[in-house]
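Source file protein25.txt; content: compact mmCIF, C-alpha atoms.
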# COMPACT_ATOMS: atom_id res chain seq x y z
CA MET A 632 92.82 119.36 56.69
CA GLU A 633 94.82 121.92 58.62
CA LEU A 634 97.69 120.76 60.81
CA LYS A 635 95.82 121.71 63.99
CA ASP A 636 92.90 119.48 62.98
CA ILE A 637 95.26 116.57 62.28
CA MET A 638 97.08 116.97 65.61
CA ASN A 639 93.75 116.65 67.48
CA SER A 640 91.99 114.25 65.11
CA PRO A 641 89.98 111.28 66.47
CA MET A 642 92.26 108.79 64.70
CA LEU A 643 95.33 110.25 66.43
CA TRP A 644 93.53 109.89 69.77
CA VAL A 645 92.88 106.23 68.92
CA MET A 646 96.48 105.55 67.86
CA SER A 647 97.87 107.31 70.94
CA SER A 648 95.62 105.24 73.20
CA PHE A 649 97.45 102.03 72.22
CA MET A 650 100.53 103.24 74.10
CA ILE A 651 98.46 104.16 77.17
CA ILE A 652 96.68 100.80 77.18
CA ASN A 653 100.02 99.00 76.84
CA LEU A 654 101.53 100.94 79.76
CA PHE A 655 98.45 100.28 81.91
CA LEU A 656 98.65 96.54 81.21
CA MET A 657 102.38 96.55 81.98
CA ALA A 658 101.73 98.25 85.32
CA LEU A 659 99.12 95.63 86.21
CA MET A 660 101.48 92.82 85.15
CA PHE A 661 104.35 94.17 87.26
CA LEU A 662 102.02 94.67 90.23
CA ARG A 663 100.79 91.08 89.93
CA LEU A 664 104.35 89.74 89.69
CA CYS A 665 105.42 91.78 92.72
CA PHE A 666 102.64 90.41 94.91
CA LYS A 667 103.30 86.87 93.61
CA ASN A 668 107.03 87.00 94.35
CA ALA A 669 106.47 88.72 97.70
CA GLU A 670 104.38 85.74 98.74
CA LYS A 671 107.23 83.39 97.77
CA LEU A 672 109.67 85.48 99.82
CA GLY A 673 107.38 85.39 102.83
CA ILE A 674 106.55 89.10 102.76
CA PRO A 675 103.06 89.69 104.22
CA LYS A 676 100.46 91.08 101.83
CA GLU A 677 99.73 93.89 104.29
CA GLU A 678 103.30 95.16 103.96
CA CYS A 679 103.01 95.13 100.16
CA ILE A 680 99.81 97.17 100.29
CA THR A 681 101.44 99.58 102.73
CA GLY A 682 104.40 100.08 100.37
CA LEU A 683 102.07 100.52 97.39
CA ARG A 684 99.99 103.14 99.21
CA SER A 685 103.13 105.02 100.27
CA ALA A 686 104.52 104.97 96.71
CA VAL A 687 101.27 106.30 95.24
CA PHE A 688 101.21 109.21 97.66
CA THR A 689 104.92 109.96 97.15
CA ALA A 690 104.38 110.16 93.39
CA ILE A 691 101.99 113.13 93.74
CA GLY A 692 104.76 115.71 94.17
CA PRO A 693 106.90 114.68 91.16
CA ALA A 694 103.73 114.49 89.02
CA PHE A 695 103.21 118.28 89.13
CA ALA A 696 106.15 119.02 86.80
CA PRO A 697 104.95 116.69 83.99
CA VAL A 698 101.49 118.29 84.21
CA ILE A 699 103.03 121.68 83.40
CA VAL A 700 104.92 120.16 80.45
CA LEU A 701 101.71 118.42 79.37
CA ILE A 702 99.95 121.77 79.06
CA ALA A 703 102.85 123.19 77.06
CA LEU A 704 102.94 120.17 74.72
CA MET A 705 99.18 120.29 74.20
CA ALA A 706 99.48 123.85 72.97
CA VAL A 707 102.12 123.05 70.33
CA LEU A 708 101.66 119.35 69.43
CA GLY A 709 98.03 118.66 70.25
CA GLY A 710 96.24 116.68 72.94
CA PRO A 711 96.77 113.07 71.71
CA THR A 712 100.54 113.37 71.30
CA ALA A 713 100.98 115.20 74.60
CA TRP A 714 98.84 112.61 76.41
CA MET A 715 100.86 109.75 74.96
CA ARG A 716 104.32 111.27 75.50
CA MET A 717 103.68 112.29 79.12
CA ASN A 718 102.78 108.68 79.97
CA ASP A 719 105.69 107.10 78.14
CA ILE A 720 108.75 109.13 79.10
CA GLY A 721 111.25 109.10 81.92
CA ALA A 722 111.90 112.87 82.07
CA ALA A 723 109.14 115.26 81.01
CA ARG A 724 111.35 118.24 80.27
CA THR A 725 113.27 116.34 77.59
CA GLU A 726 110.16 116.13 75.42
CA LEU A 727 109.92 119.85 74.79
CA ALA A 728 113.66 120.07 74.16
CA MET A 729 113.68 117.12 71.74
CA SER A 730 110.60 118.29 69.86
CA ALA A 731 112.19 121.73 69.47
CA ILE A 732 115.42 120.18 68.12
CA ALA A 733 113.54 117.85 65.76
CA THR A 734 111.31 120.57 64.32
CA GLY A 735 114.36 122.77 63.84
CA MET A 736 116.01 120.05 61.75
CA ALA A 737 112.95 120.13 59.49
CA GLY A 738 113.25 123.89 59.08
CA SER A 739 110.19 124.42 61.27
CA SER A 740 109.53 125.74 64.79
CA LEU A 741 107.24 125.10 67.76
CA GLU A 742 106.27 128.76 67.83
CA ALA A 743 102.61 129.51 67.18
CA GLY A 744 101.80 129.49 63.47
CA LYS A 745 105.27 128.30 62.42
CA LEU A 746 104.93 124.53 62.89
CA THR A 747 104.63 122.67 59.59
CA MET A 748 103.43 119.14 58.83
CA LEU A 749 107.02 117.98 58.24
CA GLY A 750 108.06 119.60 61.53
CA PHE A 751 105.26 117.78 63.36
CA ILE A 752 106.37 114.44 61.85
CA PHE A 753 109.99 115.13 62.82
CA ALA A 754 108.86 115.96 66.37
CA LEU A 755 106.99 112.66 66.68
CA TRP A 756 109.96 110.61 65.47
CA GLY A 757 112.43 112.66 67.49
CA MET A 758 110.60 112.12 70.78
CA ALA A 759 110.12 108.40 70.06
CA LEU A 760 113.77 107.77 69.16
CA ASN A 761 114.91 109.86 72.14
CA ASN A 762 113.44 107.21 74.46
CA SER A 763 114.76 104.19 72.59
CA GLY A 764 118.14 104.37 74.34
CA TRP A 765 116.57 104.00 77.77
CA ILE A 766 114.51 101.02 76.61
CA ILE A 767 117.52 99.25 75.08
CA ILE A 768 119.85 99.85 78.04
CA GLY A 769 117.15 98.96 80.55
CA GLY A 770 116.13 95.79 78.71
CA TYR A 771 119.64 94.48 78.09
CA GLY A 772 121.24 95.89 81.24
CA ALA A 773 118.84 94.53 83.87
CA PRO A 774 119.99 90.87 83.65
CA SER A 775 123.62 91.98 83.92
CA LEU A 776 122.85 94.01 87.04
CA ASN A 777 121.19 90.98 88.61
CA LYS A 778 124.30 88.90 87.92
CA ALA A 779 126.48 91.64 89.42
CA VAL A 780 124.43 91.65 92.64
CA ASP A 781 124.66 87.84 92.89
CA TYR A 782 128.42 88.02 92.36
CA LEU A 783 128.79 90.57 95.17
CA LYS A 784 126.70 88.47 97.56
CA ASN A 785 128.67 85.29 96.82
CA ASN A 786 132.15 86.84 97.02
CA PHE A 787 131.85 89.61 99.62
CA ASN A 788 130.47 90.17 103.09
CA ASP A 789 126.67 90.56 102.97
CA ALA A 790 126.72 93.53 105.34
CA TRP A 791 129.17 95.40 103.10
CA VAL A 792 127.03 94.66 100.05
CA LYS A 793 124.01 96.24 101.78
CA LEU A 794 126.11 99.29 102.68
CA PHE A 795 127.33 99.50 99.10
CA MET A 796 123.74 99.45 97.78
CA ALA A 797 122.70 102.11 100.28
CA ALA A 798 125.67 104.28 99.30
CA ALA A 799 124.76 103.90 95.62
CA ALA A 800 121.18 105.03 96.29
CA LEU A 801 122.44 107.95 98.41
CA GLY A 802 124.88 108.97 95.67
CA LEU A 803 122.15 108.80 93.02
CA PHE A 804 119.72 111.04 94.88
CA SER A 805 122.53 113.37 95.96
CA THR A 806 123.50 113.80 92.32
CA LEU A 807 119.91 114.56 91.31
CA LEU A 808 119.57 117.06 94.15
CA GLY A 809 122.94 118.66 93.40
CA ASN A 810 122.10 119.07 89.71
CA ALA A 811 118.81 120.73 90.63
CA ILE A 812 120.46 123.16 93.04
CA ILE A 813 123.64 124.03 91.13
CA LYS A 814 123.46 124.66 87.37
CA LYS A 815 126.47 125.90 85.43
CA GLY A 816 128.14 126.96 88.66
CA VAL A 817 125.17 129.08 89.78
CA VAL A 818 123.10 128.19 92.84
CA ASN A 819 119.35 128.06 92.22
CA GLN A 820 117.99 129.79 95.32
CA LYS A 821 114.44 128.45 94.95
CA ASN A 822 115.53 124.84 94.57
CA LEU A 823 117.94 125.17 97.49
CA PHE A 824 115.22 126.68 99.69
CA ALA A 825 112.79 123.89 98.69
CA ALA A 826 115.40 121.24 99.51
CA VAL A 827 116.08 122.74 102.95
CA VAL A 828 112.37 123.07 103.77
CA SER A 829 111.73 119.48 102.66
CA PHE A 830 114.67 118.28 104.77
CA ILE A 831 113.33 120.08 107.86
CA ALA A 832 109.83 118.73 107.21
CA MET A 833 111.24 115.19 106.94
CA LEU A 834 113.08 115.60 110.27
CA ILE A 835 109.95 116.91 112.00
CA ILE A 836 107.80 114.07 110.69
CA GLY A 837 110.41 111.50 111.69
CA ARG A 838 110.83 112.99 115.15
CA PHE A 839 107.28 113.83 116.25
CA PHE A 840 105.37 111.14 114.36
CA LYS A 841 107.80 108.28 114.92
CA GLY A 842 105.12 106.02 116.37
CA ASN A 843 102.50 106.85 113.76
CA LYS A 844 102.85 104.23 111.04
CA LYS A 845 100.35 105.90 108.68
CA ILE A 846 102.19 109.23 108.75
CA GLN A 847 105.54 107.49 108.26
CA GLU A 848 104.21 105.82 105.11
CA PHE A 849 103.60 109.22 103.54
CA SER A 850 106.59 111.03 105.07
CA LEU A 851 108.57 111.43 101.84
CA GLY A 852 105.57 112.62 99.84
CA LEU A 853 104.49 114.99 102.60
CA ALA A 854 107.99 116.48 102.88
CA MET A 855 108.14 117.05 99.12
CA LEU A 856 104.73 118.73 99.06
CA VAL A 857 105.61 120.94 102.05
CA GLY A 858 108.86 122.03 100.38
CA MET A 859 107.12 122.75 97.09
CA PHE A 860 104.18 124.74 98.47
CA VAL A 861 106.22 126.67 101.05
CA THR A 862 108.76 127.66 98.38
CA ALA A 863 105.97 128.74 96.01
CA ALA A 864 104.41 130.86 98.77
CA VAL A 865 107.62 132.47 100.06
CA MET A 866 109.78 132.94 96.95
Step by step, read the file and then write its structure as structure tokens.
Amino acid sequence: MELKDIMNSPMLWVMSSFMIINLFLMALMFLRLCFKNAEKLGIPKEECITGLRSAVFTAIGPAFAPVIVLIALMAVLGGPTAWMRMNDIGAARTELAMSAIATGMAGSSLEAGKLTMLGFIFALWGMALNNSGWIIIGGYGAPSLNKAVDYLKNNFNDAWVKLFMAAAALGLFSTLLGNAIIKKGVVNQKNLFAAVVSFIAMLIIGRFFKGNKKIQEFSLGLAMLVGMFVTAAVM
């Protein structure tokens, strides 16, 4: 069999589906646990559904970038692998970079007609091992973070702890935004324009639709979509 036939073989589709099924079951399990614990905390089910609906809509904007990477991966590594990797990763753009590095170590390349069987195997292992660090740190680090939060609540003023958490979230998103706008000391004009447009859209939605609960649920997602489409149309 040729490499292209192997990359899109029925058996590879079957093997890749195990990861998708596992992720789907994990999502259902987490959703069930969230609703169960919300009930224990006295959070109304309606509020949980509202948050879930808002999160689903907000995820539409960030999902466009992985779709583009999915198309690129399908062209070089086949449909099954691309389908699996795009549902398993935390950052889509790292997959192309890692697969390129891994194939290079095997003396191969992702360029059309240059990928070898050994290069394909290296790419599969490279992308899998690239994610192992996140899994290990997340699995072992989560309990420690929970203990740290409990320590702060027991030893410091609760109001200051809330401000500290809010500042941490603000710093995180500011870092992500800053890295997207400024790269190697050069300002990315398109990303800056998209950020400004999204900011203005968020202010308008917050100001003129303050009493509309439905619109407020989707405010973040709407602002992201407005920034993305306006930037694509103007620049």
In terms of the shortest atom-to-atom distance over only C-alpha atoms, which of A:Ala686, A:Met736, A:Met729, A:Met833 is closest to Ala759 in chain A?
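The closest residue to Ala759 in chain A is A:Met729.
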Quick one: residues within 12 Å of (105.9, 124.9, 98.9) (file frame), counting only C-alpha atoms, please, as number ranges by chain.
A: 692, 821-822, 824-829, 832, 853-866
Of the candidates A:Gly709, A:Gly852, A:Gly764, A:Pro675, which shows the shortest atom-to-atom distance to Leu746 in chain A, using all atoms listed in the file?
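Closest to Leu746 in chain A of all the choices is A:Gly709.
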Smallest atom-to-atom distance to Met758 in chain A: which of A:Arg716, A:Ser739, A:Val707, A:Gly744, using only C-alpha atoms?
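Nearest candidate to Met758 in chain A out of A:Arg716, A:Ser739, A:Val707, A:Gly744: A:Arg716.
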Please measure the separation of CA of Ala703 in chain A and CA of Ile767 in chain A, giving the value in Å to one decimal.
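So the answer is 28.1 Å.
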From A:Leu783, A:Ile846, A:Leu662, A:Ile720, residue lying nearest Ile766 in chain A [only C-alpha atoms]
A:Ile720
Coords for range 721-742 of chain A, N, CA, C and O atoms, as an mmCIF file, in the first residue's frame:
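Once everything was written out, this is decode_34.cif:
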data_model
loop_
_atom_site.group_PDB
_atom_site.id
_atom_site.type_symbol
_atom_site.label_atom_id
_atom_site.label_comp_id
_atom_site.auth_asym_id
_atom_site.auth_seq_id
_atom_site.Cartn_x
_atom_site.Cartn_y
_atom_site.Cartn_z
ATOM 1 N N GLY A 721 -4.456 21.332 22.763
ATOM 2 C CA GLY A 721 -4.791 22.589 23.410
ATOM 3 C C GLY A 721 -4.502 23.779 22.524
ATOM 4 O O GLY A 721 -5.092 24.843 22.672
ATOM 5 N N ALA A 722 -3.586 23.658 21.583
ATOM 6 C CA ALA A 722 -3.251 24.753 20.658
ATOM 7 C C ALA A 722 -3.033 24.151 19.266
ATOM 8 O O ALA A 722 -2.097 23.387 19.054
ATOM 9 N N ALA A 723 -3.934 24.483 18.348
ATOM 10 C CA ALA A 723 -3.926 23.857 17.024
ATOM 11 C C ALA A 723 -2.641 24.109 16.244
ATOM 12 O O ALA A 723 -2.119 23.219 15.570
ATOM 13 N N ARG A 724 -2.104 25.318 16.360
ATOM 14 C CA ARG A 724 -0.945 25.658 15.535
ATOM 15 C C ARG A 724 0.305 24.872 15.911
ATOM 16 O O ARG A 724 1.236 24.751 15.116
ATOM 17 N N THR A 725 0.336 24.314 17.128
ATOM 18 C CA THR A 725 1.512 23.545 17.534
ATOM 19 C C THR A 725 1.599 22.216 16.792
ATOM 20 O O THR A 725 2.689 21.640 16.682
ATOM 21 N N GLU A 726 0.472 21.724 16.295
ATOM 22 C CA GLU A 726 0.470 20.418 15.633
ATOM 23 C C GLU A 726 1.262 20.439 14.329
ATOM 24 O O GLU A 726 2.047 19.530 14.054
ATOM 25 N N LEU A 727 1.049 21.471 13.531
ATOM 26 C CA LEU A 727 1.806 21.582 12.288
ATOM 27 C C LEU A 727 3.295 21.759 12.573
ATOM 28 O O LEU A 727 4.144 21.154 11.910
ATOM 29 N N ALA A 728 3.601 22.591 13.566
ATOM 30 C CA ALA A 728 5.008 22.829 13.904
ATOM 31 C C ALA A 728 5.672 21.552 14.402
ATOM 32 O O ALA A 728 6.782 21.206 13.973
ATOM 33 N N MET A 729 5.005 20.823 15.294
ATOM 34 C CA MET A 729 5.588 19.603 15.849
ATOM 35 C C MET A 729 5.725 18.516 14.792
ATOM 36 O O MET A 729 6.731 17.791 14.758
ATOM 37 N N SER A 730 4.715 18.377 13.932
ATOM 38 C CA SER A 730 4.807 17.363 12.882
ATOM 39 C C SER A 730 5.932 17.688 11.912
ATOM 40 O O SER A 730 6.626 16.786 11.426
ATOM 41 N N ALA A 731 6.164 18.968 11.654
ATOM 42 C CA ALA A 731 7.266 19.370 10.772
ATOM 43 C C ALA A 731 8.614 19.051 11.417
ATOM 44 O O ALA A 731 9.535 18.553 10.746
ATOM 45 N N ILE A 732 8.735 19.317 12.721
ATOM 46 C CA ILE A 732 9.987 19.020 13.436
ATOM 47 C C ILE A 732 10.243 17.514 13.467
ATOM 48 O O ILE A 732 11.356 17.045 13.225
ATOM 49 N N ALA A 733 9.175 16.742 13.777
ATOM 50 C CA ALA A 733 9.322 15.291 13.899
ATOM 51 C C ALA A 733 9.697 14.648 12.564
ATOM 52 O O ALA A 733 10.575 13.777 12.514
ATOM 53 N N THR A 734 9.045 15.067 11.491
ATOM 54 C CA THR A 734 9.371 14.490 10.178
ATOM 55 C C THR A 734 10.784 14.867 9.755
ATOM 56 O O THR A 734 11.480 14.082 9.112
ATOM 57 N N GLY A 735 11.218 16.062 10.139
ATOM 58 C CA GLY A 735 12.583 16.488 9.827
ATOM 59 C C GLY A 735 13.610 15.622 10.523
ATOM 60 O O GLY A 735 14.677 15.319 9.960
ATOM 61 N N MET A 736 13.316 15.190 11.762
ATOM 62 C CA MET A 736 14.231 14.320 12.493
ATOM 63 C C MET A 736 14.366 12.955 11.824
ATOM 64 O O MET A 736 15.369 12.260 11.981
ATOM 65 N N ALA A 737 13.342 12.573 11.064
ATOM 66 C CA ALA A 737 13.370 11.288 10.357
ATOM 67 C C ALA A 737 13.934 11.439 8.947
ATOM 68 O O ALA A 737 13.895 10.484 8.165
ATOM 69 N N GLY A 738 14.442 12.634 8.635
ATOM 70 C CA GLY A 738 14.981 12.871 7.312
ATOM 71 C C GLY A 738 13.912 12.997 6.248
ATOM 72 O O GLY A 738 14.161 12.774 5.062
ATOM 73 N N SER A 739 12.681 13.344 6.679
ATOM 74 C CA SER A 739 11.562 13.471 5.758
ATOM 75 C C SER A 739 11.050 14.914 5.776
ATOM 76 O O SER A 739 11.656 15.804 6.375
ATOM 77 N N SER A 740 9.916 15.155 5.140
ATOM 78 C CA SER A 740 9.353 16.501 5.070
ATOM 79 C C SER A 740 7.853 16.405 4.833
ATOM 80 O O SER A 740 7.355 15.412 4.279
ATOM 81 N N LEU A 741 7.124 17.434 5.276
ATOM 82 C CA LEU A 741 5.677 17.484 5.058
ATOM 83 C C LEU A 741 5.314 17.958 3.657
ATOM 84 O O LEU A 741 4.135 17.948 3.291
ATOM 85 N N GLU A 742 6.293 18.370 2.886
ATOM 86 C CA GLU A 742 6.026 18.831 1.529
ATOM 87 C C GLU A 742 5.453 17.699 0.690
ATOM 88 O O GLU A 742 5.750 16.518 0.909
#
